[in-house]
>>> print(open('start03.cif').read())   # mmCIF, C-alpha atoms
data_data
loop_
_atom_site.group_PDB
_atom_site.id
_atom_site.type_symbol
_atom_site.label_atom_id
_atom_site.label_comp_id
_atom_site.auth_asym_id
_atom_site.auth_seq_id
_atom_site.Cartn_x
_atom_site.Cartn_y
_atom_site.Cartn_z
ATOM 1 C CA MET R 6 -19.600 -6.272 -11.583
ATOM 2 C CA THR R 7 -17.406 -3.344 -12.562
ATOM 3 C CA LYS R 8 -14.242 -2.372 -10.693
ATOM 4 C CA LYS R 9 -16.132 0.573 -9.207
ATOM 5 C CA ALA R 10 -18.886 -1.726 -7.916
ATOM 6 C CA TRP R 11 -16.296 -4.081 -6.410
ATOM 7 C CA ARG R 12 -14.522 -1.146 -4.765
ATOM 8 C CA ASN R 13 -17.788 -0.039 -3.163
ATOM 9 C CA GLU R 14 -18.505 -3.600 -2.022
ATOM 10 C CA ILE R 15 -15.079 -4.002 -0.379
ATOM 11 C CA ILE R 16 -15.207 -0.521 1.178
ATOM 12 C CA GLN R 17 -18.560 -1.426 2.737
ATOM 13 C CA ALA R 18 -17.080 -4.683 4.073
ATOM 14 C CA LEU R 19 -14.142 -2.774 5.565
ATOM 15 C CA HIS R 20 -16.494 -0.272 7.211
ATOM 16 C CA THR R 21 -18.474 -3.068 8.862
ATOM 17 C CA LEU R 22 -15.444 -5.168 9.888
ATOM 18 C CA ASP R 23 -15.354 -5.761 13.650
ATOM 19 C CA PRO R 24 -12.535 -3.536 15.041
ATOM 20 C CA ASN R 25 -11.220 -6.362 17.226
ATOM 21 C CA ILE R 26 -11.022 -8.742 14.268
ATOM 22 C CA LYS R 27 -9.331 -6.049 12.188
ATOM 23 C CA GLN R 28 -6.764 -5.306 14.883
ATOM 24 C CA SER R 29 -6.007 -8.998 15.400
ATOM 25 C CA ALA R 30 -5.550 -9.533 11.653
ATOM 26 C CA GLU R 31 -3.337 -6.442 11.372
ATOM 27 C CA THR R 32 -1.092 -7.649 14.202
ATOM 28 C CA ALA R 33 -0.710 -11.058 12.525
ATOM 29 C CA LEU R 34 0.086 -9.399 9.188
ATOM 30 C CA TYR R 35 2.734 -7.127 10.729
ATOM 31 C CA THR R 36 4.416 -10.156 12.303
ATOM 32 C CA LYS R 37 4.423 -11.987 8.960
ATOM 33 C CA LEU R 38 5.873 -8.947 7.176
ATOM 34 C CA PHE R 39 8.650 -8.363 9.709
ATOM 35 C CA GLU R 40 9.723 -12.017 9.437
ATOM 36 C CA THR R 41 10.159 -11.957 5.645
ATOM 37 C CA ALA R 42 13.596 -11.892 4.040
ATOM 38 C CA TYR R 43 12.591 -8.963 1.835
ATOM 39 C CA TRP R 44 11.648 -6.870 4.901
ATOM 40 C CA GLN R 45 14.825 -7.809 6.726
ATOM 41 C CA SER R 46 17.064 -6.967 3.756
ATOM 42 C CA SER R 47 15.348 -3.692 2.784
ATOM 43 C CA GLN R 48 16.931 -0.347 3.570
ATOM 44 C CA THR R 49 14.331 1.994 2.022
ATOM 45 C CA ILE R 50 10.635 1.210 2.381
ATOM 46 C CA GLY R 51 7.829 2.943 0.504
ATOM 47 C CA ILE R 52 4.486 3.065 2.297
ATOM 48 C CA THR R 53 1.383 5.234 2.507
ATOM 49 C CA LEU R 54 0.055 7.035 5.539
ATOM 50 C CA SER R 55 -3.128 5.029 5.998
ATOM 51 C CA THR R 56 -6.625 6.351 6.438
ATOM 52 C CA GLY R 57 -9.037 4.861 8.995
ATOM 53 C CA LEU R 58 -10.508 2.466 6.442
ATOM 54 C CA GLU R 59 -7.223 0.798 5.504
ATOM 55 C CA LEU R 60 -4.847 -1.477 7.331
ATOM 56 C CA ALA R 61 -3.004 0.809 9.760
ATOM 57 C CA THR R 62 0.485 1.567 8.434
ATOM 58 C CA GLY R 63 1.691 3.387 11.567
ATOM 59 C CA PRO R 64 3.083 0.210 13.187
ATOM 60 C CA ILE R 65 4.995 -0.638 9.989
ATOM 61 C CA ILE R 66 6.478 2.860 9.859
ATOM 62 C CA GLU R 67 7.407 2.630 13.550
ATOM 63 C CA GLN R 68 9.145 -0.721 13.066
ATOM 64 C CA ALA R 69 11.023 0.537 9.997
ATOM 65 C CA THR R 70 12.226 3.524 12.013
ATOM 66 C CA LEU R 71 13.278 1.272 14.921
ATOM 67 C CA ASP R 72 15.168 -0.894 12.406
ATOM 68 C CA HIS R 73 16.983 2.239 11.095
ATOM 69 C CA ARG R 74 15.410 1.982 7.649
ATOM 70 C CA GLN R 75 14.480 4.968 5.541
ATOM 71 C CA VAL R 76 10.728 5.415 5.176
ATOM 72 C CA VAL R 77 9.434 7.117 2.039
ATOM 73 C CA ILE R 78 5.823 8.104 1.401
ATOM 74 C CA PRO R 79 4.025 8.884 -1.854
ATOM 75 C CA LYS R 80 2.960 12.226 -3.203
ATOM 76 C CA THR R 81 0.574 12.446 -6.138
ATOM 77 C CA LEU R 82 1.712 14.564 -9.060
ATOM 78 C CA PRO R 83 0.006 15.907 -12.196
ATOM 79 C CA ASN R 84 -1.047 13.450 -14.915
ATOM 80 C CA TRP R 85 -1.726 10.625 -12.435
ATOM 81 C CA GLN R 86 1.948 10.264 -11.560
ATOM 82 C CA MET R 87 3.487 9.936 -8.118
ATOM 83 C CA ALA R 88 6.854 10.044 -6.401
ATOM 84 C CA PHE R 89 8.086 8.977 -2.988
ATOM 85 C CA TYR R 90 9.582 11.432 -0.487
ATOM 86 C CA PRO R 91 11.489 10.817 2.756
ATOM 87 C CA PHE R 92 9.269 10.673 5.829
ATOM 88 C CA THR R 93 10.955 11.956 8.975
ATOM 89 C CA GLU R 94 9.988 13.846 12.127
ATOM 90 C CA THR R 95 10.420 17.117 10.228
ATOM 91 C CA THR R 96 8.378 16.210 7.130
ATOM 92 C CA GLU R 97 5.556 18.667 6.593
ATOM 93 C CA LEU R 98 2.284 17.119 5.437
ATOM 94 C CA ALA R 99 -0.918 18.376 3.856
ATOM 95 C CA PRO R 100 -4.124 16.518 2.939
ATOM 96 C CA THR R 101 -4.936 15.827 -0.710
ATOM 97 C CA LYS R 102 -8.373 16.031 -2.273
ATOM 98 C CA PHE R 103 -8.623 12.312 -1.408
ATOM 99 C CA GLY R 104 -8.000 13.091 2.285
ATOM 100 C CA ILE R 105 -4.591 11.403 2.297
ATOM 101 C CA GLN R 106 -1.680 13.104 4.033
ATOM 102 C CA GLU R 107 1.191 13.794 1.618
ATOM 103 C CA PRO R 108 4.597 15.431 2.002
ATOM 104 C CA ILE R 109 4.962 19.059 0.986
ATOM 105 C CA THR R 110 8.678 19.262 1.843
ATOM 106 C CA GLY R 111 11.761 17.347 0.774
ATOM 107 C CA ASP R 112 13.069 15.960 -2.486
ATOM 108 C CA PRO R 113 11.798 12.841 -4.252
ATOM 109 C CA VAL R 114 13.729 9.601 -3.858
ATOM 110 C CA ASP R 115 14.730 7.792 -7.041
ATOM 111 C CA LYS R 116 12.544 4.702 -7.423
ATOM 112 C CA SER R 117 15.641 2.561 -7.959
ATOM 113 C CA ASP R 118 16.652 3.421 -4.370
ATOM 114 C CA ILE R 119 13.421 1.977 -2.903
ATOM 115 C CA ASP R 120 13.901 -1.682 -1.945
ATOM 116 C CA LEU R 121 10.371 -2.501 -0.840
ATOM 117 C CA ILE R 122 6.973 -0.924 -1.397
ATOM 118 C CA VAL R 123 3.991 -1.847 0.771
ATOM 119 C CA VAL R 124 1.242 -1.322 -1.791
ATOM 120 C CA PRO R 125 -2.252 -0.240 -0.722
ATOM 121 C CA GLY R 126 -5.435 -1.461 -2.332
ATOM 122 C CA LEU R 127 -8.869 -2.915 -1.790
ATOM 123 C CA GLY R 128 -8.845 -6.451 -3.202
ATOM 124 C CA PHE R 129 -6.077 -9.009 -3.662
ATOM 125 C CA THR R 130 -5.630 -12.556 -4.908
ATOM 126 C CA PRO R 131 -2.935 -14.935 -3.622
ATOM 127 C CA ASN R 132 -1.020 -14.594 -6.902
ATOM 128 C CA GLY R 133 -0.814 -10.784 -6.669
ATOM 129 C CA VAL R 134 -3.716 -9.468 -8.723
ATOM 130 C CA ARG R 135 -4.720 -6.191 -7.079
ATOM 131 C CA LEU R 136 -7.796 -3.981 -7.133
ATOM 132 C CA GLY R 137 -6.652 -0.480 -6.254
ATOM 133 C CA PHE R 138 -8.578 2.638 -5.367
ATOM 134 C CA GLY R 139 -9.089 3.653 -8.993
ATOM 135 C CA GLY R 140 -6.562 6.361 -9.768
ATOM 136 C CA GLY R 141 -3.951 4.126 -11.398
ATOM 137 C CA TYR R 142 -1.124 5.914 -9.567
ATOM 138 C CA TYR R 143 0.502 2.710 -8.293
ATOM 139 C CA ASP R 144 0.100 0.861 -11.603
ATOM 140 C CA ARG R 145 1.913 3.702 -13.382
ATOM 141 C CA PHE R 146 4.637 3.953 -10.728
ATOM 142 C CA LEU R 147 5.215 0.202 -10.521
ATOM 143 C CA ALA R 148 5.283 -0.343 -14.302
ATOM 144 C CA ASP R 149 9.075 0.106 -14.348
ATOM 145 C CA TYR R 150 9.844 -0.473 -10.664
ATOM 146 C CA SER R 151 12.441 -3.197 -10.091
ATOM 147 C CA GLY R 152 12.220 -3.539 -6.290
ATOM 148 C CA THR R 153 9.940 -5.799 -4.276
ATOM 149 C CA THR R 154 6.228 -5.191 -3.740
ATOM 150 C CA VAL R 155 4.026 -6.581 -0.986
ATOM 151 C CA VAL R 156 0.445 -6.164 0.180
ATOM 152 C CA LEU R 157 -1.026 -6.967 3.573
ATOM 153 C CA ALA R 158 -4.560 -8.187 2.922
ATOM 154 C CA LEU R 159 -7.269 -8.266 5.568
ATOM 155 C CA PRO R 160 -9.669 -11.234 5.257
ATOM 156 C CA VAL R 161 -12.430 -9.154 3.588
ATOM 157 C CA GLN R 162 -9.899 -8.061 0.943
ATOM 158 C CA THR R 163 -8.811 -11.554 -0.088
ATOM 159 C CA PHE R 164 -10.238 -13.291 -3.161
ATOM 160 C CA GLU R 165 -9.207 -16.681 -4.573
ATOM 161 C CA GLN R 166 -9.576 -15.295 -8.117
ATOM 162 C CA PRO R 167 -10.146 -11.705 -9.260
ATOM 163 C CA GLU R 168 -13.874 -11.011 -9.262
ATOM 164 C CA TRP R 169 -13.225 -7.671 -10.960
ATOM 165 C CA PRO R 170 -12.089 -7.011 -14.537
ATOM 166 C CA VAL R 171 -8.281 -7.208 -14.903
ATOM 167 C CA LYS R 172 -6.581 -5.014 -17.498
ATOM 168 C CA ASN R 173 -3.161 -5.375 -19.164
ATOM 169 C CA HIS R 174 -1.848 -2.301 -17.302
ATOM 170 C CA ASP R 175 -2.795 -3.720 -13.858
ATOM 171 C CA ILE R 176 0.495 -4.508 -12.135
ATOM 172 C CA VAL R 177 0.780 -7.832 -10.298
ATOM 173 C CA ILE R 178 2.206 -7.607 -6.762
ATOM 174 C CA ASP R 179 5.163 -9.839 -5.810
ATOM 175 C CA HIS R 180 3.950 -10.948 -2.369
ATOM 176 C CA VAL R 181 0.473 -11.072 -0.816
ATOM 177 C CA LEU R 182 0.401 -11.639 2.950
ATOM 178 C CA THR R 183 -2.888 -12.930 4.378
ATOM 179 C CA VAL R 184 -4.187 -14.340 7.658
#
>>> encode(input="start03.cif", output="structure tokens")
Amino acid sequence: MTKKAWRNEIIQALHTLDPNIKQSAETALYTKLFETAYWQSSQTIGITLSTGLELATGPIIEQATLDHRQVVIPKTLPNWQMAFYPFTETTELAPTKFGIQEPITGDPVDKSDIDLIVVPGLGFTPNGVRLGFGGGYYDRFLADYSGTTVVLALPVQTFEQPEWPVKNHDIVIDHVLTV
């Protein structure tokens, strides 16, 4: 199957995932993340504002704030580029054409200042092969990123081997947390 077909398949599985099972898996994944050395040593954490389909990122953002870490969120830019901006109580947001809330205020943070990025996606293998949403924004951003990357994969997003085509420009994630 093509990447697009796999995306549709995983999206359907996420839509039909029992909410109680999803919530239980999310809670276990948060606990795993917060116990890692890379979480505990990070000062600036990049993360998206999740949509209803994805693993909820609100609890991660809340914990980062409680831990006095800087939270930065992505904003898409022309030519399939993106940058991360500080996310605070005063950050103004607006929805993109994809329905994702993005910052419309603030200045971008240099990627070398971001210690950890929680990368979104649809499919993941234990060794970090990722199937994203199809825009290539993260692959472009991460191509020269030197910090740590992690994904939190729900059971329906986990594959022993990539079932989708993998390209040379697909960036491998450092850590894949599963339940």
>>> closest_residue(input="start03.cif", among="R:Val76, R:Ile66, R:Ile176, R:Leu22", to="Asp144 in chain R", atoms="only C-alpha atoms")
R:Ile176
>>> closest_residue(input="start03.cif", among="R:Asn132, R:Glu59, R:Ile178, R:Ser29", to="Tyr150 in chain R", atoms="only C-alpha atoms")
R:Ile178
>>> resolve_selection(input="start03.cif", expression="the PyMOL selection byres ((chain R and resi 60) around 9)", output="VMD selection string")
chain R and resid 27 to 28 31 55 to 59 61 to 62 125 157 to 159
>>> closest_residue(input="start03.cif", among="R:Phe89, R:Trp44, R:Phe39, R:Tyr143", to="Ser117 in chain R", atoms="only C-alpha atoms")
R:Phe89
>>> residues_around(input="start03.cif", residues="Glu97 in chain R", least_positions_apart="5", cutoff="10 Å", atoms="all atoms listed in the file", output="PyMOL selection string")
chain R and resi 92+106-111
>>> closest_residue(input="start03.cif", among="R:Gln162, R:Val77, R:Thr153, R:Tyr142", to="Ser47 in chain R", atoms="all atoms listed in the file")
R:Thr153
>>> decode(input="start03.cif", residues="range 44-75 of chain R", atoms="N, CA and C atoms", output="CSV table (one decimal), in the first residue's frame")
chain,number,residue,atom,x,y,z
R,44,TRP,N,13.8,13.5,29.1
R,44,TRP,CA,12.8,14.4,29.6
R,44,TRP,C,13.3,15.2,30.8
R,45,GLN,N,13.9,14.5,31.8
R,45,GLN,CA,14.4,15.1,33.0
R,45,GLN,C,15.5,16.1,32.8
R,46,SER,N,16.3,15.9,31.8
R,46,SER,CA,17.4,16.9,31.5
R,46,SER,C,17.0,18.0,30.6
R,47,SER,N,15.9,17.9,29.9
R,47,SER,CA,15.5,18.9,28.9
R,47,SER,C,15.0,20.2,29.6
R,48,GLN,N,15.4,21.3,28.9
R,48,GLN,CA,14.9,22.6,29.4
R,48,GLN,C,13.9,23.2,28.4
R,49,THR,N,14.0,22.9,27.2
R,49,THR,CA,13.1,23.4,26.1
R,49,THR,C,12.5,22.3,25.4
R,50,ILE,N,11.2,22.2,25.3
R,50,ILE,CA,10.5,21.0,24.7
R,50,ILE,C,9.6,21.5,23.6
R,51,GLY,N,9.8,20.9,22.4
R,51,GLY,CA,9.0,21.2,21.3
R,51,GLY,C,7.9,20.2,21.2
R,52,ILE,N,6.7,20.6,21.0
R,52,ILE,CA,5.5,19.7,21.0
R,52,ILE,C,4.3,20.4,20.2
R,53,THR,N,3.5,19.6,19.6
R,53,THR,CA,2.3,20.2,18.9
R,53,THR,C,1.2,20.3,19.9
R,54,LEU,N,0.2,21.1,19.5
R,54,LEU,CA,-1.1,21.2,20.2
R,54,LEU,C,-1.9,20.2,19.4
R,55,SER,N,-2.2,19.1,20.1
R,55,SER,CA,-2.9,17.9,19.5
R,55,SER,C,-4.3,18.2,19.0
R,56,THR,N,-4.7,17.4,18.0
R,56,THR,CA,-6.1,17.4,17.6
R,56,THR,C,-6.8,16.2,18.3
R,57,GLY,N,-8.1,16.1,18.2
R,57,GLY,CA,-8.8,15.0,18.9
R,57,GLY,C,-8.3,13.6,18.5
R,58,LEU,N,-7.9,13.5,17.3
R,58,LEU,CA,-7.4,12.2,16.7
R,58,LEU,C,-6.1,11.7,17.4
R,59,GLU,N,-5.2,12.6,17.7
R,59,GLU,CA,-3.9,12.3,18.2
R,59,GLU,C,-3.9,12.0,19.7
R,60,LEU,N,-2.7,11.5,20.1
R,60,LEU,CA,-2.4,11.4,21.5
R,60,LEU,C,-2.5,12.8,22.1
R,61,ALA,N,-3.2,13.0,23.2
R,61,ALA,CA,-3.4,14.3,23.8
R,61,ALA,C,-2.1,14.8,24.3
R,62,THR,N,-1.7,16.0,23.8
R,62,THR,CA,-0.4,16.6,24.3
R,62,THR,C,-0.6,17.6,25.5
R,63,GLY,N,-1.8,17.9,25.8
R,63,GLY,CA,-2.1,18.8,26.9
R,63,GLY,C,-1.4,18.4,28.2
R,64,PRO,N,-1.5,17.1,28.6
R,64,PRO,CA,-0.9,16.7,29.9
R,64,PRO,C,0.7,16.8,29.8
R,65,ILE,N,1.3,16.6,28.6
R,65,ILE,CA,2.7,16.8,28.5
R,65,ILE,C,3.1,18.3,28.7
R,66,ILE,N,2.3,19.1,28.1
R,66,ILE,CA,2.5,20.6,28.2
R,66,ILE,C,2.4,21.0,29.6
R,67,GLU,N,1.3,20.5,30.3
R,67,GLU,CA,1.1,20.9,31.7
R,67,GLU,C,2.3,20.4,32.6
R,68,GLN,N,2.8,19.2,32.3
R,68,GLN,CA,3.9,18.7,33.2
R,68,GLN,C,5.2,19.5,32.9
R,69,ALA,N,5.4,19.9,31.6
R,69,ALA,CA,6.6,20.7,31.3
R,69,ALA,C,6.5,22.0,32.0
R,70,THR,N,5.3,22.6,32.0
R,70,THR,CA,5.1,23.9,32.7
R,70,THR,C,5.3,23.8,34.2
R,71,LEU,N,4.8,22.7,34.8
R,71,LEU,CA,5.0,22.4,36.2
R,71,LEU,C,6.5,22.3,36.5
R,72,ASP,N,7.2,21.7,35.6
R,72,ASP,CA,8.6,21.4,35.8
R,72,ASP,C,9.5,22.6,35.4
R,73,HIS,N,8.9,23.8,35.1
R,73,HIS,CA,9.5,25.0,34.8
R,73,HIS,C,10.4,24.9,33.5
R,74,ARG,N,9.9,24.1,32.5
R,74,ARG,CA,10.5,24.0,31.2
R,74,ARG,C,9.8,24.9,30.3
R,75,GLN,N,10.6,25.4,29.3
R,75,GLN,CA,10.0,26.2,28.2
R,75,GLN,C,9.3,25.2,27.2
